[in-house]
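Written below as structure tokens is the structure these notes are about.
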Amino acid sequence: MASSHEHKLNFKKSKEVCLNYIQDAMLQKQWKRAAEFLTFYIESLEKDFSTAYMGPSEMIWRIGTEILCHHSHSSMKQFNSFIEQMKTVGVKRYLKVCLEHAFHLLCNGLIDEAYQNLSLAESWRFGEQTAIQDKEMKLIQAYRGLLDYYSWSKQKDILLEHGQNGFEDLSVEQEMHSCFRKAAMNLKEIIKIPGVWDLFVKCYVDLLEFYGDHNEACQVLNEYAYNSKFPANPNAHVYLYQFLKRHGESKKSLISALKILHDIVPSHELMIDFNTMLQKSKKRKKRQLGLEVIFAALDYAGWKENVKAWSCLARQVKQIVISEKHLDWIKQEWNSRKDWWPAFHFSRYLAKRNWQENESLSYEKALVAGILLGKDCKYFKYVSHQGCKAQVKRFRILKKFVNKHSPVYLRISGLSDSSVQP
């Protein structure tokens, strides 16, 4: 009895050592070495537990899949063989394995084989279906729905390309409708479950839009964006905004969609659109929000050289300065940034680089720098000097504008006792 116990302890120790070797080989991308250790590991399991059957764990499936995906000498036939083994011995993981198998086939361009794999998985039954298996089955159906959508899309392109061709066209259209029904049914089901289903939602909405069901499409997108049971997802608001814009919905609806996107991701590329709409508004609160939006976007490094963003800010700042109304808006935004924006955006180094690489960018930034930091700002001085030296007219006008409105800088920075205009 003691020797048997000792044997199992020794085996457990050697098994752990073997797994460490496998992990080390994988981390070093030595796939051949990893495959050899995995083979030895599986053979050891089979030999040692002859009386008590022990099926391969999820770990073996995961490790084996990873190795076969990267091994230089592995073939699709070997991969398929390994996966089929994992399906037959790991009943509880059957659907997961089928799904991963389908992904691998798709990555290798084997779309028909992937579809067949998913169809077989969908017909699989084993005992009483658990809640987890129910969710996995819905995923299987959803991905099959994606492939039905892909087939529908191909048929649609054929139909649109060749136009009306009598019976031939009719057969394409019938096939297309068949794919639509299958895709719509499965895609509709998965997006009812709280989660992030971007690809599925986009495909389902495309189907609905093509057949003119705009109300259903709008309802799906609103549910995806605003249902509190779903996780916060910026893409949901992007899709809703794009849909509303395509269908000519009101500015109020577009602004509402982008306002939530701004709250979630203030650095999103659509903030340019948001700022433009807000600037055109007749309401002061919305124009002020527009200024807040563009300042917030430029807080992010990815926007540092975005000419459109700087142009939006320069335009709005210039309008406020000329009218001398709402200087408090600029002051409010600048107060939280005056300690770090100068080094982040307006250093002499950036002035040189921006001037050399993008004259338009340097112009817009120089205007903003001149208003926010005054005519002695390093960025403004360097760019305006280079612009005047190159005899570019707009830089001479820029220099005059900043010099003329230099008192504004004092009022924004709080260096003057002059009261700020309401």
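Order determines the names: the first chain of the structure tokens is A, the second B, and so forth; residues in each chain are numbered 1 upward, and ligands are numbered 1 upward as they are shown.
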**Asked** What lies within 7 Å of stretch 229-236 of chain A using only C-alpha atoms, ignoring chain neighbours under 6 positions off, as number ranges by chain?
**Response** A: 194-195, 261, 264-265
For the residues in the current selection, export N, CA, C and O atoms as an mmCIF file, in the first residue's frame.
```
data_model
loop_
_atom_site.group_PDB
_atom_site.id
_atom_site.type_symbol
_atom_site.label_atom_id
_atom_site.label_comp_id
_atom_site.auth_asym_id
_atom_site.auth_seq_id
_atom_site.Cartn_x
_atom_site.Cartn_y
_atom_site.Cartn_z
ATOM 1 N N PRO A 194 -27.343 39.185 -22.552
ATOM 2 C CA PRO A 194 -26.423 40.279 -22.198
ATOM 3 C C PRO A 194 -24.972 39.901 -22.469
ATOM 4 O O PRO A 194 -24.511 38.844 -22.048
ATOM 5 N N GLY A 195 -24.271 40.752 -23.199
ATOM 6 C CA GLY A 195 -22.873 40.493 -23.535
ATOM 7 C C GLY A 195 -22.404 41.454 -24.608
ATOM 8 O O GLY A 195 -23.125 42.384 -24.996
ATOM 9 N N LEU A 261 -21.224 58.269 -25.876
ATOM 10 C CA LEU A 261 -19.917 57.798 -26.354
ATOM 11 C C LEU A 261 -18.806 58.665 -25.778
ATOM 12 O O LEU A 261 -17.757 58.162 -25.361
ATOM 13 N N ILE A 264 -18.056 57.714 -22.242
ATOM 14 C CA ILE A 264 -17.341 56.438 -22.105
ATOM 15 C C ILE A 264 -15.912 56.531 -22.648
ATOM 16 O O ILE A 264 -14.950 56.111 -22.016
ATOM 17 N N VAL A 265 -15.785 57.097 -23.874
ATOM 18 C CA VAL A 265 -14.464 57.187 -24.535
ATOM 19 C C VAL A 265 -14.272 58.606 -25.094
ATOM 20 O O VAL A 265 -14.548 58.857 -26.265
#
```
**Prompt:** If you count only C-alpha atoms, which residues fall within 9 Å of A:Trp341, apart from same-chain ones fewer than 5 positions away, as a list in words?
**Reply:**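 Once the adjacent positions are removed, what remains is Asp299, Trp334 and Phe346 of chain A.
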**Complete:** Atom pair atom CA of A:Ile158 + atom CA of A:Glu122, distance 29.2 Å
**Message:** Which residues are near stretch 63-78 of chain A? Cut-off 9 Å, only C-alpha atoms, ignore same chain within fewer than 4 positions. Put them as a PyMOL selection string.
**Reply:** chain A and resi 22-23+26+29-32+34-35+38+58-59+82-83+104-105+108
**Request:** Select, from A:Ile294, A:Tyr379, A:Leu258, A:Arg411, the residue with the minimum atom-to-atom distance to A:Lys331, counting only C-alpha atoms.
**Result:**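 Checking each of A:Ile294, A:Tyr379, A:Leu258, A:Arg411 against A:Lys331, counting only C-alpha atoms, the winner is A:Arg411.
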**Item:** Point-to-point distance from atom CA of A:His385 to atom CA of A:Ala296, Å rounded to tenths
**Value:**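 Atom CA of A:His385 sits 29.1 Å away from atom CA of A:Ala296.
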